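**Student:** Quick one, model.cif (mmCIF, C-alpha atoms):
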```
data_upload
loop_
_atom_site.label_atom_id
_atom_site.label_comp_id
_atom_site.auth_asym_id
_atom_site.auth_seq_id
_atom_site.Cartn_x
_atom_site.Cartn_y
_atom_site.Cartn_z
CA ALA L 8 -24.84 188.44 -145.42
CA GLN L 9 -21.45 188.19 -143.82
CA SER L 10 -19.12 190.90 -142.56
CA VAL L 11 -15.57 191.16 -141.26
CA THR L 12 -14.19 193.56 -138.68
CA GLN L 13 -10.49 194.19 -138.24
CA LEU L 14 -10.27 196.11 -135.03
CA ASP L 15 -6.84 197.67 -135.56
CA SER L 16 -6.07 199.80 -138.58
CA GLN L 17 -2.37 199.97 -137.67
CA VAL L 18 -0.15 197.85 -135.47
CA PRO L 19 3.41 199.07 -134.79
CA VAL L 20 5.80 196.47 -133.41
CA PHE L 21 9.53 196.06 -132.91
CA GLU L 22 11.44 193.40 -134.80
CA GLU L 23 11.54 190.01 -133.05
CA ALA L 24 8.52 190.89 -130.90
CA PRO L 25 5.31 188.84 -131.07
CA VAL L 26 2.24 190.24 -132.81
CA GLU L 27 -1.48 189.53 -132.97
CA LEU L 28 -3.78 191.00 -135.61
CA ARG L 29 -7.42 190.76 -134.68
CA CYS L 30 -10.30 189.68 -136.88
CA ASN L 31 -13.95 189.16 -136.02
CA TYR L 32 -16.63 188.03 -138.42
CA SER L 33 -20.38 187.90 -138.60
CA SER L 34 -22.30 185.29 -140.53
CA SER L 35 -25.53 183.36 -140.19
CA VAL L 36 -23.99 180.27 -141.80
CA SER L 37 -20.74 178.37 -141.55
CA VAL L 38 -17.78 180.21 -142.97
CA TYR L 39 -14.40 179.65 -144.47
CA LEU L 40 -11.80 182.11 -143.18
CA PHE L 41 -8.69 183.51 -144.79
CA TRP L 42 -5.80 185.84 -144.09
CA TYR L 43 -4.13 187.58 -147.02
CA VAL L 44 -1.03 189.81 -147.08
CA GLN L 45 -0.54 192.69 -149.49
CA TYR L 46 2.79 194.38 -150.12
CA PRO L 47 2.81 197.89 -151.66
CA ASN L 48 1.41 198.02 -155.18
CA GLN L 49 0.97 194.27 -155.33
CA GLY L 50 -1.91 191.82 -155.30
CA LEU L 51 -2.97 189.63 -152.42
CA GLN L 52 -1.04 186.58 -151.25
CA LEU L 53 -2.71 183.92 -149.15
CA LEU L 54 -1.12 183.47 -145.72
CA LEU L 55 -3.42 180.78 -144.37
CA LYS L 56 -6.98 179.49 -144.44
CA TYR L 57 -9.47 177.73 -142.20
CA LEU L 58 -11.90 175.41 -143.96
CA SER L 59 -12.61 172.76 -141.34
CA GLY L 60 -10.88 170.52 -138.82
CA SER L 61 -8.26 171.77 -136.39
CA THR L 62 -8.99 175.27 -135.19
CA LEU L 63 -5.29 176.17 -135.13
CA VAL L 64 -4.08 176.83 -138.63
CA LYS L 65 -0.48 177.32 -139.66
CA GLY L 66 0.47 179.29 -142.71
CA ILE L 67 3.44 180.66 -144.57
CA ASN L 68 6.18 182.88 -143.16
CA GLY L 69 5.66 181.58 -139.61
CA PHE L 70 2.12 182.93 -139.21
CA GLU L 71 -0.69 181.03 -137.53
CA ALA L 72 -4.32 181.75 -136.69
CA GLU L 73 -6.93 180.26 -134.41
CA PHE L 74 -10.58 179.89 -135.32
CA ASN L 75 -12.86 180.53 -132.35
CA LYS L 76 -16.46 179.85 -133.26
CA SER L 77 -17.95 181.01 -129.95
CA GLN L 78 -16.19 184.36 -130.20
CA THR L 79 -16.53 184.51 -134.00
CA SER L 80 -12.85 185.38 -134.24
CA PHE L 81 -9.89 184.39 -136.38
CA HIS L 82 -6.90 186.25 -134.98
CA LEU L 83 -3.54 186.10 -136.75
CA ARG L 84 -0.36 185.63 -134.72
CA LYS L 85 3.38 185.44 -135.21
CA PRO L 86 5.76 184.80 -132.30
CA SER L 87 8.63 186.87 -133.72
CA VAL L 88 8.22 189.37 -136.55
CA HIS L 89 10.77 190.49 -139.09
CA ILE L 90 11.18 193.78 -140.92
CA SER L 91 10.02 192.02 -144.09
CA ASP L 92 6.61 191.36 -142.47
CA THR L 93 5.77 195.05 -142.86
CA ALA L 94 2.66 195.00 -145.06
CA GLU L 95 -1.13 195.25 -145.10
CA TYR L 96 -3.00 192.23 -143.78
CA PHE L 97 -6.58 191.41 -144.71
CA CYS L 98 -8.97 188.99 -143.08
CA ALA L 99 -11.69 187.59 -145.35
CA VAL L 100 -14.67 185.23 -145.17
CA HIS L 101 -16.39 183.04 -147.69
CA THR L 102 -19.52 181.00 -147.03
CA GLY L 103 -18.88 178.37 -149.64
CA THR L 104 -22.32 178.75 -151.12
CA ALA L 105 -21.54 182.33 -152.12
CA SER L 106 -19.02 183.13 -154.78
CA LYS L 107 -17.37 186.15 -153.28
CA LEU L 108 -14.89 186.91 -150.53
CA THR L 109 -15.86 189.59 -148.04
CA PHE L 110 -12.83 191.44 -146.72
CA GLY L 111 -12.10 193.51 -143.66
CA THR L 112 -10.63 196.98 -143.99
CA GLY L 113 -7.13 195.72 -143.32
CA THR L 114 -4.44 196.13 -140.67
CA ARG L 115 -1.18 197.83 -141.45
CA LEU L 116 1.66 195.99 -139.69
CA GLN L 117 4.69 198.24 -139.27
CA VAL L 118 7.82 196.49 -138.03
CA THR L 119 10.71 198.65 -136.87
CA LEU L 120 14.17 198.01 -135.47
CA ASP Y 19 4.91 182.02 -164.30
CA THR Y 20 1.62 180.19 -163.94
CA GLY Y 21 -0.14 182.73 -161.71
CA VAL Y 22 -2.97 185.12 -162.51
CA SER Y 23 -1.80 187.91 -164.79
CA GLN Y 24 -3.34 191.33 -165.32
CA ASN Y 25 -2.66 193.97 -167.93
CA PRO Y 26 -1.91 196.76 -167.86
CA ARG Y 27 -0.42 197.12 -164.40
CA HIS Y 28 -1.00 200.85 -164.41
CA LYS Y 29 -3.38 203.04 -166.36
CA ILE Y 30 -3.70 206.81 -166.26
CA THR Y 31 -6.62 208.29 -168.11
CA LYS Y 32 -8.59 211.49 -168.34
CA ARG Y 33 -12.09 211.78 -167.01
CA GLY Y 34 -14.63 210.72 -169.58
CA GLN Y 35 -12.38 208.27 -171.41
CA ASN Y 36 -13.04 204.54 -171.68
CA VAL Y 37 -10.58 202.00 -170.31
CA THR Y 38 -10.32 198.22 -170.59
CA PHE Y 39 -8.40 195.84 -168.36
CA ARG Y 40 -7.51 192.24 -169.04
CA CYS Y 41 -7.17 189.30 -166.66
CA ASP Y 42 -5.69 185.91 -167.55
CA PRO Y 43 -6.53 183.35 -164.86
CA ILE Y 44 -4.51 180.31 -163.93
CA SER Y 45 -4.88 177.63 -166.57
CA GLU Y 46 -7.91 175.36 -166.02
CA HIS Y 47 -9.40 177.65 -163.36
CA ASN Y 48 -13.05 177.92 -164.35
CA ARG Y 49 -14.06 180.60 -161.83
CA LEU Y 50 -12.95 184.21 -162.17
CA TYR Y 51 -13.62 187.19 -159.93
CA TRP Y 52 -13.12 190.95 -160.17
CA TYR Y 53 -12.65 193.14 -157.11
CA ARG Y 54 -12.02 196.85 -156.61
CA GLN Y 55 -9.79 198.21 -153.88
CA THR Y 56 -9.71 201.90 -153.01
CA LEU Y 57 -7.00 203.48 -150.92
CA GLY Y 58 -7.03 202.31 -147.33
CA GLN Y 59 -9.82 199.80 -147.86
CA GLY Y 60 -10.15 196.09 -148.37
CA PRO Y 61 -11.08 194.70 -151.78
CA GLU Y 62 -14.78 194.84 -152.67
CA PHE Y 63 -16.43 192.27 -154.90
CA LEU Y 64 -17.52 193.43 -158.36
CA THR Y 65 -18.46 190.36 -160.39
CA TYR Y 66 -18.00 186.61 -160.80
CA PHE Y 67 -17.79 184.26 -163.77
CA GLN Y 68 -18.07 180.52 -163.90
CA ASN Y 69 -16.67 179.56 -167.27
CA GLU Y 70 -18.18 182.12 -169.66
CA ALA Y 71 -21.31 182.79 -167.60
CA GLN Y 72 -21.46 185.92 -165.45
CA LEU Y 73 -23.27 184.59 -162.40
CA GLU Y 74 -23.16 187.48 -159.97
CA LYS Y 75 -22.74 191.25 -160.12
CA SER Y 76 -22.37 193.66 -157.25
CA ARG Y 77 -24.42 196.82 -156.97
CA LEU Y 78 -21.02 198.56 -157.18
CA LEU Y 79 -20.96 197.58 -160.85
CA SER Y 80 -22.78 200.53 -162.35
CA ASP Y 81 -24.02 200.70 -165.92
CA ARG Y 82 -20.68 202.20 -166.94
CA PHE Y 83 -18.94 198.96 -166.03
CA SER Y 84 -19.06 195.82 -168.13
CA ALA Y 85 -17.18 192.56 -167.80
CA GLU Y 86 -16.87 189.69 -170.22
CA ARG Y 87 -15.32 186.29 -170.39
CA PRO Y 88 -16.21 185.21 -173.91
CA LYS Y 89 -14.47 181.86 -174.14
CA GLY Y 90 -14.27 181.01 -170.48
CA SER Y 91 -10.58 181.83 -170.36
CA PHE Y 92 -9.40 185.46 -170.07
CA SER Y 93 -11.71 188.22 -168.94
CA THR Y 94 -11.97 191.94 -169.65
CA LEU Y 95 -13.37 194.71 -167.49
CA GLU Y 96 -14.36 197.89 -169.30
CA ILE Y 97 -15.21 201.21 -167.69
CA GLN Y 98 -16.94 203.75 -169.88
CA ARG Y 99 -16.91 207.49 -169.29
CA THR Y 100 -14.49 207.20 -166.40
CA GLU Y 101 -14.94 209.37 -163.33
CA GLN Y 102 -12.39 210.37 -160.70
CA GLY Y 103 -14.19 208.09 -158.25
CA ASP Y 104 -13.21 205.12 -160.42
CA SER Y 105 -9.58 205.57 -159.39
CA ALA Y 106 -8.67 202.35 -157.61
CA MET Y 107 -6.79 199.08 -157.84
CA TYR Y 108 -8.74 196.50 -159.85
CA LEU Y 109 -7.93 192.97 -158.77
CA CYS Y 110 -8.68 189.73 -160.56
CA ALA Y 111 -8.74 186.31 -158.92
CA SER Y 112 -9.40 182.76 -160.08
CA SER Y 113 -10.33 179.45 -158.48
CA PRO Y 114 -10.07 175.84 -159.67
CA PRO Y 115 -13.11 173.63 -160.37
CA ARG Y 116 -12.13 170.99 -157.82
CA GLY Y 117 -9.42 169.80 -155.47
CA GLY Y 118 -7.88 171.04 -152.28
CA ASP Y 119 -7.74 174.66 -153.46
CA TYR Y 120 -11.42 174.73 -154.46
CA ASN Y 121 -12.35 177.34 -151.85
CA GLU Y 122 -9.26 179.49 -152.40
CA GLN Y 123 -9.03 182.50 -154.69
CA PHE Y 124 -5.66 183.21 -156.32
CA PHE Y 125 -5.11 186.90 -156.94
CA GLY Y 126 -3.30 188.70 -159.72
CA PRO Y 127 -1.05 191.76 -159.20
CA GLY Y 128 -3.85 194.18 -160.00
CA THR Y 129 -4.32 197.11 -162.38
CA ARG Y 130 -4.03 200.52 -160.77
CA LEU Y 131 -6.31 203.06 -162.46
CA THR Y 132 -5.82 206.77 -162.00
CA VAL Y 133 -8.47 209.08 -163.47
CA LEU Y 134 -7.34 212.68 -163.83
#
```
If you took the structure in this file and wrote it as structure tokens, what would it be?
**Tutor:**
Amino acid sequence: AQSVTQLDSQVPVFEEAPVELRCNYSSSVSVYLFWYVQYPNQGLQLLLKYLSGSTLVKGINGFEAEFNKSQTSFHLRKPSVHISDTAEYFCAVHTGTASKLTFGTGTRLQVTL
Amino acid sequence: DTGVSQNPRHKITKRGQNVTFRCDPISEHNRLYWYRQTLGQGPEFLTYFQNEAQLEKSRLLSDRFSAERPKGSFSTLEIQRTEQGDSAMYLCASSPPRGGDYNEQFFGPGTRLTVL
């Protein structure tokens, strides 16, 4: 079985500052990795995904993430955040052979002026 | 709008009542998933359909929960004899049978259930 750990439940940051949201996973098989964003009272929107190939993945809204197999991590980064990035961010894994996504508990990104 | 749709968006019910939610996946997506998300938590898998076949159910899906996808298109999730602990956001997602998005799940806006 796989699991996901998001180490920070909340991350406060000032507008235009860089941010990193941490994600570590555990799995006995190869995984596919995803970051989703959730705005209040809405569903999940895919930010980016790692399936194979280059370990640096670029997504929407200026976000990127790097897959590190040796550290079993998939941290999300943005060089300069905006107020509109305030939301809940979820890291998730999928093994391909299983049908379900396993999510972390989420990180609340709070961007202030 | 060609995304996943869910109805209703909000449902308030009294304890002990039955409720039913509907999910319409993206056209031609043959795989459909239900998840439950409680406050402050990530979504948790409930069940999975491939076409009309229910292929996997979580232990979270108690006997009071039933899901169907009779014609392989829309799906319903019914909760009988609701309890306050059922209060949550119920999310539906779908995936295509092939192509570059094969391993991606596209989520709907969710149905928020409040049991009084």
**Student:** I'd like the interatomic distance between atom CA of Val38 of chain L and atom CA of Asp119 of chain Y, to a tenth of an Å.
**Tutor:**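 One can read the atom CA of Val38 of chain L to atom CA of Asp119 of chain Y distance as 15.5 Å.
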**Student:** Run the PyMOL selection byres ((chain L and resi 41) around 6) on the file and write out the hits as a ChimeraX atom specification.
**Tutor:** /L:40,42,55-56,98-99
**Student:** Applying 12 Å and only C-alpha atoms, which residues near Thr65 of chain Y remain after dropping the ones on its own chain fewer than 3 positions away? List them as a PDB file with C-alpha atoms, in the coordinates of the input.
**Tutor:**
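New file out.pdb:
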```pdb
ATOM      1  CA  ALA L 105     -21.540 182.330-152.120  1.00  0.00           C
ATOM      2  CA  SER L 106     -19.020 183.130-154.780  1.00  0.00           C
ATOM      3  CA  LYS L 107     -17.370 186.150-153.280  1.00  0.00           C
ATOM      4  CA  LEU L 108     -14.890 186.910-150.530  1.00  0.00           C
TER       5      LEU L 108
ATOM      6  CA  ARG Y  49     -14.060 180.600-161.830  1.00  0.00           C
ATOM      7  CA  LEU Y  50     -12.950 184.210-162.170  1.00  0.00           C
ATOM      8  CA  TYR Y  51     -13.620 187.190-159.930  1.00  0.00           C
ATOM      9  CA  TRP Y  52     -13.120 190.950-160.170  1.00  0.00           C
ATOM     10  CA  TYR Y  53     -12.650 193.140-157.110  1.00  0.00           C
ATOM     11  CA  ARG Y  54     -12.020 196.850-156.610  1.00  0.00           C
ATOM     12  CA  GLU Y  62     -14.780 194.840-152.670  1.00  0.00           C
ATOM     13  CA  GLN Y  68     -18.070 180.520-163.900  1.00  0.00           C
ATOM     14  CA  ALA Y  71     -21.310 182.790-167.600  1.00  0.00           C
ATOM     15  CA  GLN Y  72     -21.460 185.920-165.450  1.00  0.00           C
ATOM     16  CA  LEU Y  73     -23.270 184.590-162.400  1.00  0.00           C
ATOM     17  CA  GLU Y  74     -23.160 187.480-159.970  1.00  0.00           C
ATOM     18  CA  LYS Y  75     -22.740 191.250-160.120  1.00  0.00           C
ATOM     19  CA  SER Y  76     -22.370 193.660-157.250  1.00  0.00           C
ATOM     20  CA  ARG Y  77     -24.420 196.820-156.970  1.00  0.00           C
ATOM     21  CA  LEU Y  78     -21.020 198.560-157.180  1.00  0.00           C
ATOM     22  CA  LEU Y  79     -20.960 197.580-160.850  1.00  0.00           C
ATOM     23  CA  SER Y  80     -22.780 200.530-162.350  1.00  0.00           C
ATOM     24  CA  PHE Y  83     -18.940 198.960-166.030  1.00  0.00           C
ATOM     25  CA  SER Y  84     -19.060 195.820-168.130  1.00  0.00           C
ATOM     26  CA  ALA Y  85     -17.180 192.560-167.800  1.00  0.00           C
ATOM     27  CA  GLU Y  86     -16.870 189.690-170.220  1.00  0.00           C
ATOM     28  CA  ARG Y  87     -15.320 186.290-170.390  1.00  0.00           C
ATOM     29  CA  SER Y  93     -11.710 188.220-168.940  1.00  0.00           C
ATOM     30  CA  THR Y  94     -11.970 191.940-169.650  1.00  0.00           C
ATOM     31  CA  LEU Y  95     -13.370 194.710-167.490  1.00  0.00           C
ATOM     32  CA  TYR Y 108      -8.740 196.500-159.850  1.00  0.00           C
ATOM     33  CA  LEU Y 109      -7.930 192.970-158.770  1.00  0.00           C
ATOM     34  CA  CYS Y 110      -8.680 189.730-160.560  1.00  0.00           C
ATOM     35  CA  ALA Y 111      -8.740 186.310-158.920  1.00  0.00           C
ATOM     36  CA  SER Y 112      -9.400 182.760-160.080  1.00  0.00           C
TER      37      SER Y 112
END
```
**Student:** L:Val118, L:Val88, L:Leu58, L:Ile67: which is nearest chain Y, counting only C-alpha atoms?
**Tutor:**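 Looking only at the distances to chain Y, the closest residue turns out to be L:Leu58.
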**Student:** Dump as number ranges by chain the residues of chain L that approach chain Y to within 6 Å, counting all atoms listed in the file.
**Tutor:** L: 49-51, 110-113
**Student:** Restricting it to C-alpha atoms, dump the selection as a PDB file, in the coordinates of the input.
**Tutor:**
```pdb
ATOM      1  CA  GLN L  49       0.970 194.270-155.330  1.00  0.00           C
ATOM      2  CA  GLY L  50      -1.910 191.820-155.300  1.00  0.00           C
ATOM      3  CA  LEU L  51      -2.970 189.630-152.420  1.00  0.00           C
ATOM      4  CA  PHE L 110     -12.830 191.440-146.720  1.00  0.00           C
ATOM      5  CA  GLY L 111     -12.100 193.510-143.660  1.00  0.00           C
ATOM      6  CA  THR L 112     -10.630 196.980-143.990  1.00  0.00           C
ATOM      7  CA  GLY L 113      -7.130 195.720-143.320  1.00  0.00           C
TER       8      GLY L 113
END
```
**Student:** Translate the PyMOL selection byres ((chain L and resi 73) around 12) into a concrete residue list for this structure, as an NGL selection string.
**Tutor:** :L and (27-31 or 40-42 or 55-66 or 70-72 or 74-85)
**Student:** What do you get, as a VMD selection string, if you spell out every residue that the PyMOL selection byres ((chain L and resi 115) around 8) selects here?
**Tutor:** chain L and resid 16 to 18 93 to 96 113 to 114 116 to 117
**Student:** Take the selection from the previous step and output its residues with C-alpha atoms, as a JSON list (two decimals), keeping the file's coordinate frame.
**Tutor:**
```json
[["chain", "number", "residue", "atom", "x", "y", "z"],
["L", 16, "SER", "CA", -6.07, 199.80, -138.58],
["L", 17, "GLN", "CA", -2.37, 199.97, -137.67],
["L", 18, "VAL", "CA", -0.15, 197.85, -135.47],
["L", 93, "THR", "CA", 5.77, 195.05, -142.86],
["L", 94, "ALA", "CA", 2.66, 195.00, -145.06],
["L", 95, "GLU", "CA", -1.13, 195.25, -145.10],
["L", 96, "TYR", "CA", -3.00, 192.23, -143.78],
["L", 113, "GLY", "CA", -7.13, 195.72, -143.32],
["L", 114, "THR", "CA", -4.44, 196.13, -140.67],
["L", 116, "LEU", "CA", 1.66, 195.99, -139.69],
["L", 117, "GLN", "CA", 4.69, 198.24, -139.27]]
```
**Student:** Could you give me, as number ranges by chain, the residues that sit within 9 Å of (-12.0, 202.4, -159.0) in the file's coordinates, counting all atoms listed in the file?
**Tutor:** Y: 54-56, 101-108, 130-133
**Student:** Any idea what the distance is between atom CA of Glu22 of chain L and atom CA of Leu120 of chain L?
**Tutor:**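 Straight-line distance from atom CA of Glu22 of chain L to atom CA of Leu120 of chain L works out to 5.4 Å.
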**Student:** Separation of atom CA of Asp15 of chain L and atom CA of Ser113 of chain Y, in Å?
**Tutor:** 29.5 Å
**Student:** Find the spatial neighbours of Val36 of chain L, counting only C-alpha atoms, within a cut-off of 12 Å - ignore same-chain residues fewer than 6 positions away - and output them as number ranges by chain.
**Tutor:** L: 8-10, 76, 79, 100-105
**Student:** Which one of Y:Arg82, Y:Ser91, Y:Pro114, Y:Leu57 sits closest to Asn48 of chain L if you count all atoms listed in the file?
**Tutor:**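 Between Y:Arg82, Y:Ser91, Y:Pro114, Y:Leu57, the residue approaching Asn48 of chain L most closely is Y:Leu57.
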**Student:** Could you check which of Y:Gly21, Y:Pro88, Y:Pro26, Y:Gly34 is closest to Gln52 of chain L, using all atoms listed in the file?
**Tutor:** Y:Gly21
**Student:** Return as lines of an AutoDock Vina configuration file the box centre and box size in Å, one decimal, for an axis-aligned box around all listed atoms of segment 66-74 of chain Y padded by 8 Å per side.
**Tutor:**
```
center_x = -20.0
center_y = 183.5
center_z = -164.8
size_x = 22.6
size_y = 23.9
size_z = 25.7
```
**Student:** Just checking: using only C-alpha atoms, which residue out of Y:Arg116, Y:Thr31, Y:Thr20, Y:Asn36 ends up closest to Asn48 of chain Y?
**Tutor:** Y:Arg116
**Student:** Which is closer to Pro43 of chain Y than all the others in Y:Arg99, Y:Glu70, Y:Pro115, Y:Phe92, using all atoms listed in the file?
**Tutor:**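 For Pro43 of chain Y, the nearest of the candidates is Y:Phe92.
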**Student:** Take segment 50-68 of chain L, bring it up to N, CA, C and O atoms, and give me the output as a compact mmCIF listing (two decimals), keeping the file's coordinate frame.
**Tutor:**
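Full text of selection22.txt as output:
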```txt
# COMPACT_ATOMS: atom_id res chain seq x y z
N GLY L 50 -0.66 192.52 -155.57
CA GLY L 50 -1.91 191.82 -155.30
C GLY L 50 -1.87 191.16 -153.94
O GLY L 50 -1.00 191.42 -153.11
N LEU L 51 -2.83 190.29 -153.70
CA LEU L 51 -2.97 189.63 -152.42
C LEU L 51 -2.35 188.24 -152.45
O LEU L 51 -2.54 187.49 -153.41
N GLN L 52 -1.63 187.91 -151.39
CA GLN L 52 -1.04 186.58 -151.25
C GLN L 52 -1.66 185.89 -150.05
O GLN L 52 -1.75 186.48 -148.97
N LEU L 53 -2.08 184.65 -150.23
CA LEU L 53 -2.71 183.92 -149.15
C LEU L 53 -1.67 183.53 -148.10
O LEU L 53 -0.64 182.93 -148.41
N LEU L 54 -1.97 183.88 -146.84
CA LEU L 54 -1.12 183.47 -145.72
C LEU L 54 -1.57 182.13 -145.16
O LEU L 54 -0.76 181.24 -144.90
N LEU L 55 -2.87 182.02 -144.92
CA LEU L 55 -3.42 180.78 -144.37
C LEU L 55 -4.94 180.80 -144.52
O LEU L 55 -5.53 181.83 -144.82
N LYS L 56 -5.54 179.62 -144.30
CA LYS L 56 -6.98 179.49 -144.44
C LYS L 56 -7.52 178.47 -143.45
O LYS L 56 -6.81 177.52 -143.08
N TYR L 57 -8.75 178.71 -143.00
CA TYR L 57 -9.47 177.73 -142.20
C TYR L 57 -10.69 177.28 -142.98
O TYR L 57 -11.56 178.09 -143.33
N LEU L 58 -10.74 175.97 -143.26
CA LEU L 58 -11.90 175.41 -143.96
C LEU L 58 -12.69 174.50 -143.03
O LEU L 58 -13.93 174.54 -143.00
N SER L 59 -11.99 173.67 -142.30
CA SER L 59 -12.61 172.76 -141.34
C SER L 59 -11.49 172.08 -140.55
O SER L 59 -10.31 172.30 -140.81
N GLY L 60 -11.88 171.29 -139.56
CA GLY L 60 -10.88 170.52 -138.82
C GLY L 60 -10.26 171.31 -137.69
O GLY L 60 -10.93 172.08 -137.00
N SER L 61 -8.96 171.13 -137.49
CA SER L 61 -8.26 171.77 -136.39
C SER L 61 -8.44 173.27 -136.42
O SER L 61 -8.32 173.91 -137.47
N THR L 62 -8.73 173.83 -135.25
CA THR L 62 -8.99 175.27 -135.19
C THR L 62 -7.72 176.09 -135.24
O THR L 62 -7.77 177.30 -135.45
N LEU L 63 -6.57 175.47 -135.02
CA LEU L 63 -5.29 176.17 -135.13
C LEU L 63 -4.71 175.90 -136.51
O LEU L 63 -4.44 174.76 -136.86
N VAL L 64 -4.54 176.96 -137.25
CA VAL L 64 -4.08 176.83 -138.63
C VAL L 64 -2.71 177.47 -138.78
O VAL L 64 -2.51 178.60 -138.32
N LYS L 65 -1.82 176.76 -139.41
CA LYS L 65 -0.48 177.32 -139.66
C LYS L 65 -0.35 177.70 -141.12
O LYS L 65 -0.85 176.98 -142.00
N GLY L 66 0.32 178.82 -141.35
CA GLY L 66 0.47 179.29 -142.71
C GLY L 66 1.92 179.54 -143.08
O GLY L 66 2.83 179.02 -142.44
N ILE L 67 2.09 180.37 -144.11
CA ILE L 67 3.44 180.66 -144.57
C ILE L 67 4.09 181.73 -143.71
O ILE L 67 3.41 182.43 -142.96
N ASN L 68 5.40 181.83 -143.82
CA ASN L 68 6.18 182.88 -143.16
C ASN L 68 6.04 182.87 -141.63
O ASN L 68 6.20 183.90 -141.00
```
